[in-house]
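Heads up: the structure comes next, in structure tokens.
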Amino acid sequence: MDCKEIQQQLERYFDRELPLSDKRALAEHLKRCGECSGLLNGLNAIHVALNKQAVFSVPAGLKRRVRRQLRDNAAENNRLGVVLPWMGFSGGVAALVSLITWGMLSFVSPPAGSTVLNEIVSAHIRSLIVDHITDIASADQHTVKPWFKGRLDFAVPVTDLTGHGFPLLGGRMDYVQHRAVAAVIYGRRAHVINVFVWPSDDGAYHAIKAESRRGYHVFRWSDAGLQYWMISDLNEIELEQLAGLLRGEASEPRRRNLPSG
Amino acid sequence: MAHSQQDVAGSPFPASLASNPELLARSSTETAALIEALERLPVEFREVLLLREVEGYSYKEIAEIVDVPQGTVMSRLSRARRHLLEYLSNRLKRENAGGL
């Protein structure tokens with residue numbers, strides 16, 4: 001592929017809309033070509049800037065249309081199940097794009113605040129950069145949940161929310177706050193959502209708190225002796241929906257997981 | 001700084017936009033400049049850009065939301081981005097010429 005062909009496809013590549021076969025050729029070219037990778041950096045700079053501090057949003061009227069569409073889609077998904085285009089998505093491309101994003105974000109980001117929050121953001125980005133989103137890739141909660149046993153000293157709530165449009169993508173071991181933690185990964189369209197779970201210091205219930213950092217939204221809450229940190233670049237409305245689903249599901253694991261026999 | 005900047009025939013991007021991504025990135029992080037650039041965009045371009053970049057919808061989903069063909073979404077998105085890149089790039093040149 002020459003520069004002309006590459007540049008004609010660059011935006012689809014950046015938007016993760018390119019077929020896998022084309023992505024590989026394009027990624028190879030970008031490694032060698034400073035001009036084309038410079039253009040990709042420009043696209044990424046715009047993306048990062050538009051997401052910085054959540055300054056920009058779509059007009060109110062359009063938001064209403066989007067919400068209506070989301071409700072319609074959710075109803076449709078509940079009836080038919082969801083097949084995400086993300087499932088065929090190349091992790092290598094995610095890694096490349098995230099790597100550039102990370103570079104840009106490091107360049108513009110404010111001084112560190114909450115240590116845990118920073119660690120969560122770093123762990124999320126790291127999972128994308130090194131193409132290591134899951135240790136175990138499975139949409140089956142009965143595969144992912146037992147996988148954590150023996151690796152962690154607590155039971156990790158894992159629920160497949162495909163019916164709600166948040167398919168389970170798998171699980172991963174990670175390291176936050178000087179301890180091993182569980183990362184349960186969900187998908188939503190092209191977005192990756194990491195839910196980090198580890199025991200909380202107290203067993204009290206805490207409400208959801210939402211924060212934004214480096215263009216990512218983070219929701220955190222505690223329930224039944226565990227703390228949950230959920231992070232993604234997905235919009236806050238849908239993340240809040242997922243947080244609600246996880247809190248509801250996680251609080252009733254026994255009833256939901258009882259074997260039928 | 002003496003890069004030869006020849007447009008690649010058929011590319012949607014002017015070659016000048018690839019000349020200095022670092023400075024371009026720095027300029028594009030300036031919120032005021034971005035707001036200014038966005039305000040100059042027709043609303044149908046702006047909404048497609050924000051639905052993709054901020055809300056993260058796919059081309060197909062955006063096409064359904066704004067009720068236009070997917071090809072129109074792609075061309076609007078491309079024009080919106082090119083507009084922002086060119087605007088910010090020109091702004092940066094003016095800043096540099098002004099000794100900022």
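If you're wondering about the labels, chains in the structure tokens are A, B, ... by order shown, residues count from 1 in each chain, ligands from 1 in order shown.
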
- Contact residues around range 164-175 of chain A with only C-alpha atoms at 7 Å, ignoring same-chain residues under 5 positions, as a PyMOL selection string: chain A and resi 74+77-78+82+134-139+144+180-188

Residues of the last selection are to be written out with C-alpha atoms, as an mmCIF file, in the first residue's frame.
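Dumped to part_2.cif:
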```cif
data_model
loop_
_atom_site.group_PDB
_atom_site.id
_atom_site.type_symbol
_atom_site.label_atom_id
_atom_site.label_comp_id
_atom_site.auth_asym_id
_atom_site.auth_seq_id
_atom_site.Cartn_x
_atom_site.Cartn_y
_atom_site.Cartn_z
ATOM 1 C CA ALA A 74 -31.503 -2.099 24.379
ATOM 2 C CA ASN A 77 -30.782 -6.500 22.178
ATOM 3 C CA ASN A 78 -32.888 -8.008 24.924
ATOM 4 C CA VAL A 82 -25.928 -8.879 20.709
ATOM 5 C CA THR A 134 -7.897 -10.627 28.882
ATOM 6 C CA ASP A 135 -5.986 -13.534 30.436
ATOM 7 C CA ILE A 136 -9.010 -15.678 29.826
ATOM 8 C CA ALA A 137 -11.249 -14.662 26.941
ATOM 9 C CA SER A 138 -14.734 -16.034 27.423
ATOM 10 C CA ALA A 139 -18.306 -14.805 27.361
ATOM 11 C CA VAL A 144 -14.455 -16.765 33.927
ATOM 12 C CA ALA A 180 -3.370 -8.702 43.001
ATOM 13 C CA VAL A 181 -6.837 -7.707 41.841
ATOM 14 C CA ALA A 182 -9.402 -9.110 39.437
ATOM 15 C CA ALA A 183 -10.208 -7.319 36.203
ATOM 16 C CA VAL A 184 -13.517 -8.379 34.664
ATOM 17 C CA ILE A 185 -13.845 -7.066 31.137
ATOM 18 C CA TYR A 186 -17.048 -6.099 29.385
ATOM 19 C CA GLY A 187 -17.611 -4.709 25.894
ATOM 20 C CA ARG A 188 -19.947 -2.102 24.483
#
```

- DSSP-assigned helix (DSSP H, G or I) members of range 53-98 of chain B, reported as a ChimeraX atom specification: /B:53,59-66,70-97

- 9 Å contact set for Leu49 in chain B, only C-alpha atoms, chain neighbours under 6 positions out, as a list of chain:residue names: B:Val73, B:Arg76, B:Leu77, B:Ser78, B:Ala80, B:Arg81

Could you save the residues just selected, with C-alpha atoms, as a PDB file, in the first residue's frame?
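Ended up saving to again.pdb:
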```pdb
ATOM      1  CA  VAL B  73     -21.277  10.059   7.969  1.00  0.00           C
ATOM      2  CA  ARG B  76     -18.846  14.616   7.154  1.00  0.00           C
ATOM      3  CA  LEU B  77     -16.525  13.215   9.782  1.00  0.00           C
ATOM      4  CA  SER B  78     -13.566  13.518   7.455  1.00  0.00           C
ATOM      5  CA  ALA B  80     -14.942  18.030  10.173  1.00  0.00           C
ATOM      6  CA  ARG B  81     -11.586  16.617  11.185  1.00  0.00           C
TER       7      ARG B  81
END
```

- Query: Quick one: distance from CA of Ser127 in chain A to CA of Glu11 in chain A in Å, one decimal?
  - Reply: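 It comes out at 23.4 Å.
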
- Item | Of the listed residues A:Ala243, A:Ala49, A:Leu226, A:Leu43, that which approaches Ala155 in chain A most closely, counting only C-alpha atoms | A:Leu226

- Message: Just to confirm, what's the straight-line distance from CA of Gly38 in chain A to CA of Asn96 in chain B in Å (one decimal)?
- Response: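 Going from CA of Gly38 in chain A over to CA of Asn96 in chain B covers 19.5 Å.
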
- Message: For Asp153 in chain A, find every residue with an atom within 10 Å (counting only C-alpha atoms), except residues of its own chain fewer than 3 positions away, and show them as a list of chain:residue names.
- Response: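 Residues meeting the cut-off are A:Phe148, A:Lys149, A:Gly150, A:Val156, A:Ala180, A:Val181, A:Trp198, A:Pro199.
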
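Closest approach to chain B among A:Arg247, A:His47, A:His29, A:Lys23 is made by A:His47 (distances from only C-alpha atoms).
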
- Would you list the contacts of Phe45 in chain B as a PyMOL selection string, taking every protein, DNA or RNA residue within 12 Å and counting only C-alpha atoms, but skipping same-chain residues closer than 2 positions in sequence? (chain A and resi 58) or (chain B and resi 37-43+47-52+62+66+68+72-84)

- Could you pull the residues within 9 Å of Arg91 in chain B, counting only C-alpha atoms, minus those fewer than 4 positions along the same chain, as a list in words? Ser27, Ala33, Glu86, Tyr87, Glu95 and Asn96 of chain B

Keeping only N, CA and C atoms, write those residues as a compact mmCIF listing (two decimals), in the first residue's frame.
```txt
# COMPACT_ATOMS: atom_id res chain seq x y z
N SER B 27 -1.26 22.38 20.22
CA SER B 27 -2.24 23.40 19.86
C SER B 27 -3.66 22.88 20.04
N ALA B 33 -9.30 27.28 21.50
CA ALA B 33 -9.07 27.18 20.06
C ALA B 33 -10.01 26.16 19.45
N GLU B 86 -6.79 21.73 10.01
CA GLU B 86 -6.29 22.89 9.26
C GLU B 86 -6.39 24.17 10.09
N TYR B 87 -7.50 24.31 10.78
CA TYR B 87 -7.69 25.50 11.61
C TYR B 87 -6.61 25.59 12.68
N GLU B 95 0.64 31.75 15.63
CA GLU B 95 1.28 31.90 16.94
C GLU B 95 2.80 31.95 16.81
N ASN B 96 3.32 31.04 16.00
CA ASN B 96 4.77 30.99 15.83
C ASN B 96 5.30 32.25 15.14
```

- Query: What is the CA of Asp22 in chain A to CA of Ile6 in chain A distance in Å?
  - Reply: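 Spanning CA of Asp22 in chain A to CA of Ile6 in chain A is a straight-line distance of 9.5 Å.
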
- Query: With only C-alpha atoms as the basis for distance, which of B:Glu44, B:Asn90, B:Glu36, B:Glu55 is at the shortest distance from chain A?
  - Reply: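 Residue with the minimum atom-to-atom distance to chain A: B:Glu55.
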
- Tell me, as an NGL selection string, which residues lie within 8 Å of range 229-231 of chain A, counting only C-alpha atoms; anything in the same chain fewer than 4 positions away does not count. :A and (120-121 or 124 or 193-197 or 216-221 or 243)
